[in-house]
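The next block is data19.csv, given as CSV, C-alpha atoms.
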chain,number,residue,atom,x,y,z
A,1,MET,CA,-4.0,-7.4,-51.9
A,2,LEU,CA,-6.1,-7.2,-48.8
A,3,GLN,CA,-5.4,-10.9,-48.1
A,4,LEU,CA,-1.7,-10.3,-48.4
A,5,ILE,CA,-1.9,-7.4,-45.9
A,6,LEU,CA,-3.8,-9.6,-43.4
A,7,ILE,CA,-1.3,-12.5,-43.8
A,8,LEU,CA,1.7,-10.1,-43.3
A,9,SER,CA,0.0,-8.5,-40.2
A,10,GLY,CA,-0.5,-12.0,-38.8
A,11,VAL,CA,3.1,-12.9,-39.3
A,12,CYS,CA,4.3,-9.6,-37.7
A,13,THR,CA,2.0,-10.2,-34.7
A,14,ALA,CA,3.1,-13.8,-34.2
A,15,GLY,CA,6.8,-12.7,-34.2
A,16,MET,CA,6.3,-10.0,-31.6
A,17,ALA,CA,6.4,-10.6,-27.9
A,18,MET,CA,3.0,-10.4,-26.3
A,19,PRO,CA,2.7,-8.8,-22.9
A,20,LEU,CA,2.0,-11.1,-20.0
A,21,PRO,CA,-1.4,-10.7,-18.4
A,22,ASP,CA,-1.5,-8.9,-15.1
A,23,PHE,CA,-1.9,-11.6,-12.4
A,24,TYR,CA,-2.5,-9.2,-9.5
A,25,SER,CA,-5.1,-9.8,-6.8
A,26,TYR,CA,-5.9,-8.3,-3.4
A,27,SER,CA,-7.1,-10.1,-0.3
A,28,LEU,CA,-9.4,-7.6,1.5
A,29,ALA,CA,-8.1,-6.3,4.8
A,30,VAL,CA,-9.4,-7.9,7.9
A,31,GLY,CA,-9.6,-6.3,11.4
A,32,GLU,CA,-10.8,-3.0,12.7
A,33,GLY,CA,-8.3,-0.8,10.7
A,34,SER,CA,-8.1,2.1,13.2
A,35,GLY,CA,-5.1,4.3,13.4
A,36,THR,CA,-2.6,5.1,10.6
A,37,VAL,CA,-2.5,3.2,7.3
A,38,TYR,CA,0.7,1.4,6.3
A,39,SER,CA,2.0,-0.4,3.2
A,40,THR,CA,5.2,-2.5,2.8
A,41,ALA,CA,5.2,-2.0,-1.0
A,42,HIS,CA,8.8,-2.3,-2.1
A,43,ALA,CA,10.8,-3.2,-5.2
A,44,GLY,CA,12.2,-6.8,-5.3
A,45,ARG,CA,11.1,-10.1,-3.9
A,46,ILE,CA,10.2,-10.9,-0.3
A,47,THR,CA,13.1,-12.8,1.3
A,48,GLY,CA,12.3,-12.7,5.0
A,49,ILE,CA,9.6,-11.9,7.6
A,50,ARG,CA,10.0,-10.6,11.1
A,51,VAL,CA,7.1,-10.4,13.6
A,52,TRP,CA,6.7,-9.0,17.1
A,53,GLU,CA,4.0,-10.1,19.6
A,54,TYR,CA,3.1,-7.8,22.5
A,55,SER,CA,3.2,-9.7,25.9
A,56,SER,CA,1.4,-12.9,24.8
A,57,ALA,CA,-1.4,-10.8,23.3
A,58,TYR,CA,-1.7,-9.1,19.9
A,59,ILE,CA,0.8,-8.6,17.0
A,60,SER,CA,2.6,-5.4,17.8
A,61,GLY,CA,4.6,-5.0,14.6
A,62,PHE,CA,6.4,-6.6,11.6
A,63,GLN,CA,8.9,-6.1,8.9
A,64,LEU,CA,9.4,-7.7,5.5
A,65,SER,CA,12.8,-8.1,3.8
A,66,TYR,CA,13.0,-7.4,0.1
A,67,ASP,CA,16.1,-8.9,-1.6
A,68,GLY,CA,17.8,-8.9,1.8
A,69,ASN,CA,16.8,-5.3,2.8
A,70,TRP,CA,14.4,-4.8,5.7
A,71,THR,CA,11.5,-2.4,5.3
A,72,THR,CA,10.7,0.2,7.9
A,73,LEU,CA,9.1,-1.4,11.0
A,74,VAL,CA,5.3,-1.4,10.8
A,75,CYS,CA,4.0,-0.2,14.2
A,76,ALA,CA,6.1,-1.3,17.2
A,77,ASN,CA,8.8,-3.8,18.2
A,78,TYR,CA,7.4,-4.8,21.6
A,79,GLY,CA,8.6,-8.2,22.6
A,80,THR,CA,11.0,-10.7,21.0
A,81,PRO,CA,10.8,-10.9,17.2
A,82,MET,CA,10.2,-14.2,15.5
A,83,GLU,CA,11.8,-14.4,12.1
A,84,MET,CA,11.9,-16.6,9.0
A,85,THR,CA,14.3,-16.3,6.0
A,86,LEU,CA,13.0,-17.6,2.7
A,87,HIS,CA,15.1,-20.0,0.6
A,88,ASP,CA,15.9,-19.4,-3.0
A,89,ASP,CA,12.7,-19.8,-5.2
A,90,GLU,CA,10.6,-19.8,-2.0
A,91,SER,CA,7.7,-17.3,-1.7
A,92,ILE,CA,4.8,-16.5,0.6
A,93,ALA,CA,1.6,-18.3,-0.7
A,94,GLN,CA,-0.8,-17.7,2.2
A,95,VAL,CA,-1.3,-15.4,5.2
A,96,SER,CA,-3.7,-16.4,7.9
A,97,GLY,CA,-4.5,-15.8,11.5
A,98,LYS,CA,-6.9,-14.4,14.0
A,99,TYR,CA,-8.3,-10.9,14.8
A,100,ASP,CA,-10.4,-9.6,17.7
A,101,ASN,CA,-11.0,-6.5,19.9
A,102,GLY,CA,-9.3,-4.1,17.4
A,103,TYR,CA,-6.1,-6.1,16.9
A,104,ILE,CA,-4.5,-8.9,14.9
A,105,TYR,CA,-3.8,-11.5,17.5
A,106,GLU,CA,-2.2,-14.2,15.5
A,107,ILE,CA,-0.5,-14.3,12.1
A,108,MET,CA,0.9,-17.2,10.1
A,109,PHE,CA,2.8,-17.0,6.8
A,110,VAL,CA,2.9,-20.2,4.7
A,111,THR,CA,5.4,-20.6,1.9
A,112,ASN,CA,5.1,-22.4,-1.5
A,113,GLN,CA,7.5,-25.0,0.0
A,114,GLY,CA,5.3,-25.8,2.9
A,115,ARG,CA,7.2,-23.9,5.6
A,116,SER,CA,5.5,-21.5,8.0
A,117,LEU,CA,6.0,-18.9,10.6
A,118,LYS,CA,3.3,-18.6,13.2
A,119,VAL,CA,3.3,-15.8,15.8
A,120,GLY,CA,0.6,-14.8,18.4
A,121,GLN,CA,-2.4,-16.1,20.2
A,122,PRO,CA,-5.2,-18.2,18.7
A,123,SER,CA,-7.9,-15.9,19.8
A,124,GLY,CA,-10.8,-14.3,17.9
A,125,ASN,CA,-12.1,-14.5,14.3
A,126,SER,CA,-10.1,-16.5,11.7
A,127,PHE,CA,-8.9,-15.1,8.4
A,128,ASN,CA,-7.1,-16.7,5.5
A,129,LEU,CA,-5.6,-14.6,2.7
A,130,TYR,CA,-4.3,-16.1,-0.5
A,131,PRO,CA,-3.9,-15.2,-4.2
A,132,THR,CA,-6.5,-15.9,-6.9
A,133,HIS,CA,-4.0,-16.7,-9.6
A,134,ASP,CA,-1.7,-19.8,-9.8
A,135,GLY,CA,2.0,-18.8,-9.5
A,136,SER,CA,1.2,-15.6,-7.6
A,137,GLU,CA,3.1,-14.7,-4.4
A,138,LEU,CA,2.8,-12.1,-1.7
A,139,ARG,CA,4.2,-8.8,-2.9
A,140,PHE,CA,3.3,-6.6,0.0
A,141,LEU,CA,1.0,-6.0,3.0
A,142,SER,CA,-1.2,-3.0,3.8
A,143,GLY,CA,-3.7,-2.1,6.5
A,144,GLY,CA,-3.9,-0.1,9.7
A,145,GLN,CA,-1.8,0.3,13.0
A,146,ASN,CA,-2.3,2.5,16.0
A,147,GLY,CA,1.2,2.7,17.5
A,148,TYR,CA,0.6,-0.2,19.9
A,149,GLY,CA,-0.4,-3.0,17.5
A,150,ILE,CA,-1.6,-4.0,14.0
A,151,THR,CA,-5.3,-3.2,13.7
A,152,SER,CA,-5.9,-4.6,10.2
A,153,ILE,CA,-4.0,-6.5,7.4
A,154,GLY,CA,-4.6,-7.0,3.7
A,155,ALA,CA,-2.4,-8.9,1.2
A,156,HIS,CA,-1.4,-7.9,-2.3
A,157,TRP,CA,-0.4,-10.8,-4.6
A,158,ALA,CA,1.2,-11.0,-8.1
A,159,VAL,CA,3.4,-13.1,-10.2
A,160,TYR,CA,7.0,-12.0,-9.7
A,161,HIS,CA,8.9,-11.6,-12.9
A,162,THR,CA,12.7,-11.4,-13.0
A,163,SER,CA,14.7,-10.3,-16.0
A,164,ALA,CA,15.7,-14.0,-16.3
A,165,ASN,CA,12.1,-15.4,-16.5
A,166,SER,CA,10.6,-12.5,-18.5
A,167,ALA,CA,13.3,-12.1,-21.2
A,168,THR,CA,12.2,-12.7,-24.8
A,169,PRO,CA,14.5,-14.5,-27.2

Here is a file; write its structure as structure tokens.
Amino acid sequence: MLQLILILSGVCTAGMAMPLPDFYSYSLAVGEGSGTVYSTAHAGRITGIRVWEYSSAYISGFQLSYDGNWTTLVCANYGTPMEMTLHDDESIAQVSGKYDNGYIYEIMFVTNQGRSLKVGQPSGNSFNLYPTHDGSELRFLSGGQNGYGITSIGAHWAVYHTSANSATP
């Protein structure tokens, strides 16, 4: 009888959908981090990036687009924005750049298709933020800003599941 119960419980378990492991990782924030904290956390997938540079100096602000909708501006929109729209099935796979004297001076977003958006001045200490799990992509950014520029940046990564790729038969 005990063997029958164990066999039946194994059959029931095999027929049930198992939850996917949580492939979340966080790249620690770089930079001084003074000022007000920010987060771009939003529902949906990142579909675009917009970055402002203050007068050939530091990064003054940025926005992310989630499923075509832009987030609230992080910090300030001093200068002319540089923008990149992602293609279908394209995601951010790496965020790198330079920081010094209390600000992020350069930022570069690299996609899983090898495209990149680089804004700012190559001055200061280098950083390179990337996920720890294969298939993960940038989900949102967080850090600090002081009203004039971005003072720190950290990256949050996870596997993005749509209803199409997470449905069970």

Would you mind listing what lies within 8 Å of Gly33 (chain A) as a list in words, with all atoms listed in the file counted and same-chain residues fewer than 4 positions away left out? Val37, Gly102, Gly143, Gly144, Gln145, Thr151, Ser152 and Ile153 of chain A

Could you check how far CA of Thr47 (chain A) sits from CA of Gly135 (chain A), in Å to one decimal?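 Taking CA of Thr47 (chain A) as the start and CA of Gly135 (chain A) as the end point, the length is 16.6 Å.
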
Between CA of Cys75 (chain A) and CA of Gly61 (chain A), what distance in Å does the model show, to one decimal?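 Atom-to-atom, CA of Cys75 (chain A) and CA of Gly61 (chain A) are spaced 4.9 Å apart.
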
Given all atoms listed in the file as the counted atoms, nearest of A:Ala155, A:Ile104, A:Leu141, A:Ala76 to Tyr58 (chain A): A:Ile104

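The shortest atom-to-atom distance to Gly154 (chain A), with all atoms listed in the file taken into account, belongs to A:Ser142 out of A:Ser60, A:Ser126, A:Ser142, A:Ser39.
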
Just the residues within 9 Å of Thr40 (chain A), please, counting all atoms listed in the file, with nothing from its chain fewer than 4 positions along; format it as a VMD selection string. chain A and resid 63 to 64 71 to 72 74 139 to 142

A:Phe127, A:Glu106, A:Leu28, A:Glu137 ranked by distance to Glu90 (chain A), top pick (using only C-alpha atoms):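 Closest candidate: A:Glu137.
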
Find the residues near Ile49 (chain A): any atom within 12 Å, counting all atoms listed in the file, skip ones fewer than 6 places away on the same chain, and give them as number ranges by chain. A: 40, 61-71, 73-74, 81-86, 91-92, 95, 107-111, 116-119, 138, 140-141

Could those residues be written to a file, using C-alpha atoms, as a PDB file, in the coordinates of the input?
ATOM      1  CA  THR A  40       5.200  -2.500   2.800  1.00  0.00           C
ATOM      2  CA  GLY A  61       4.600  -5.000  14.600  1.00  0.00           C
ATOM      3  CA  PHE A  62       6.400  -6.600  11.600  1.00  0.00           C
ATOM      4  CA  GLN A  63       8.900  -6.100   8.900  1.00  0.00           C
ATOM      5  CA  LEU A  64       9.400  -7.700   5.500  1.00  0.00           C
ATOM      6  CA  SER A  65      12.800  -8.100   3.800  1.00  0.00           C
ATOM      7  CA  TYR A  66      13.000  -7.400   0.100  1.00  0.00           C
ATOM      8  CA  ASP A  67      16.100  -8.900  -1.600  1.00  0.00           C
ATOM      9  CA  GLY A  68      17.800  -8.900   1.800  1.00  0.00           C
ATOM     10  CA  ASN A  69      16.800  -5.300   2.800  1.00  0.00           C
ATOM     11  CA  TRP A  70      14.400  -4.800   5.700  1.00  0.00           C
ATOM     12  CA  THR A  71      11.500  -2.400   5.300  1.00  0.00           C
ATOM     13  CA  LEU A  73       9.100  -1.400  11.000  1.00  0.00           C
ATOM     14  CA  VAL A  74       5.300  -1.400  10.800  1.00  0.00           C
ATOM     15  CA  PRO A  81      10.800 -10.900  17.200  1.00  0.00           C
ATOM     16  CA  MET A  82      10.200 -14.200  15.500  1.00  0.00           C
ATOM     17  CA  GLU A  83      11.800 -14.400  12.100  1.00  0.00           C
ATOM     18  CA  MET A  84      11.900 -16.600   9.000  1.00  0.00           C
ATOM     19  CA  THR A  85      14.300 -16.300   6.000  1.00  0.00           C
ATOM     20  CA  LEU A  86      13.000 -17.600   2.700  1.00  0.00           C
ATOM     21  CA  SER A  91       7.700 -17.300  -1.700  1.00  0.00           C
ATOM     22  CA  ILE A  92       4.800 -16.500   0.600  1.00  0.00           C
ATOM     23  CA  VAL A  95      -1.300 -15.400   5.200  1.00  0.00           C
ATOM     24  CA  ILE A 107      -0.500 -14.300  12.100  1.00  0.00           C
ATOM     25  CA  MET A 108       0.900 -17.200  10.100  1.00  0.00           C
ATOM     26  CA  PHE A 109       2.800 -17.000   6.800  1.00  0.00           C
ATOM     27  CA  VAL A 110       2.900 -20.200   4.700  1.00  0.00           C
ATOM     28  CA  THR A 111       5.400 -20.600   1.900  1.00  0.00           C
ATOM     29  CA  SER A 116       5.500 -21.500   8.000  1.00  0.00           C
ATOM     30  CA  LEU A 117       6.000 -18.900  10.600  1.00  0.00           C
ATOM     31  CA  LYS A 118       3.300 -18.600  13.200  1.00  0.00           C
ATOM     32  CA  VAL A 119       3.300 -15.800  15.800  1.00  0.00           C
ATOM     33  CA  LEU A 138       2.800 -12.100  -1.700  1.00  0.00           C
ATOM     34  CA  PHE A 140       3.300  -6.600   0.000  1.00  0.00           C
ATOM     35  CA  LEU A 141       1.000  -6.000   3.000  1.00  0.00           C
TER      36      LEU A 141
END

Using all atoms listed in the file, the best pick from A:His156, A:Gly35, A:Gly147, A:Ala93 as closest to Asp134 (chain A) would be A:Ala93

Could you tell me how far CA of Lys98 (chain A) lies from CA of Ile59 (chain A), in Å and to one decimal? 10.1 Å

Which residue gives the smallest distance to Ile46 (chain A) among A:Asn146, A:Asp89, A:Ser25, A:Tyr78, with all atoms listed in the file counted?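 Between A:Asn146, A:Asp89, A:Ser25, A:Tyr78, the residue approaching Ile46 (chain A) most closely is A:Asp89.
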
Set the distance at 9 Å and use only C-alpha atoms: which residues neighbour Thr80 (chain A) once local chain neighbours fewer than 6 positions away are removed? I'd like the list as a VMD selection string. chain A and resid 51 to 54
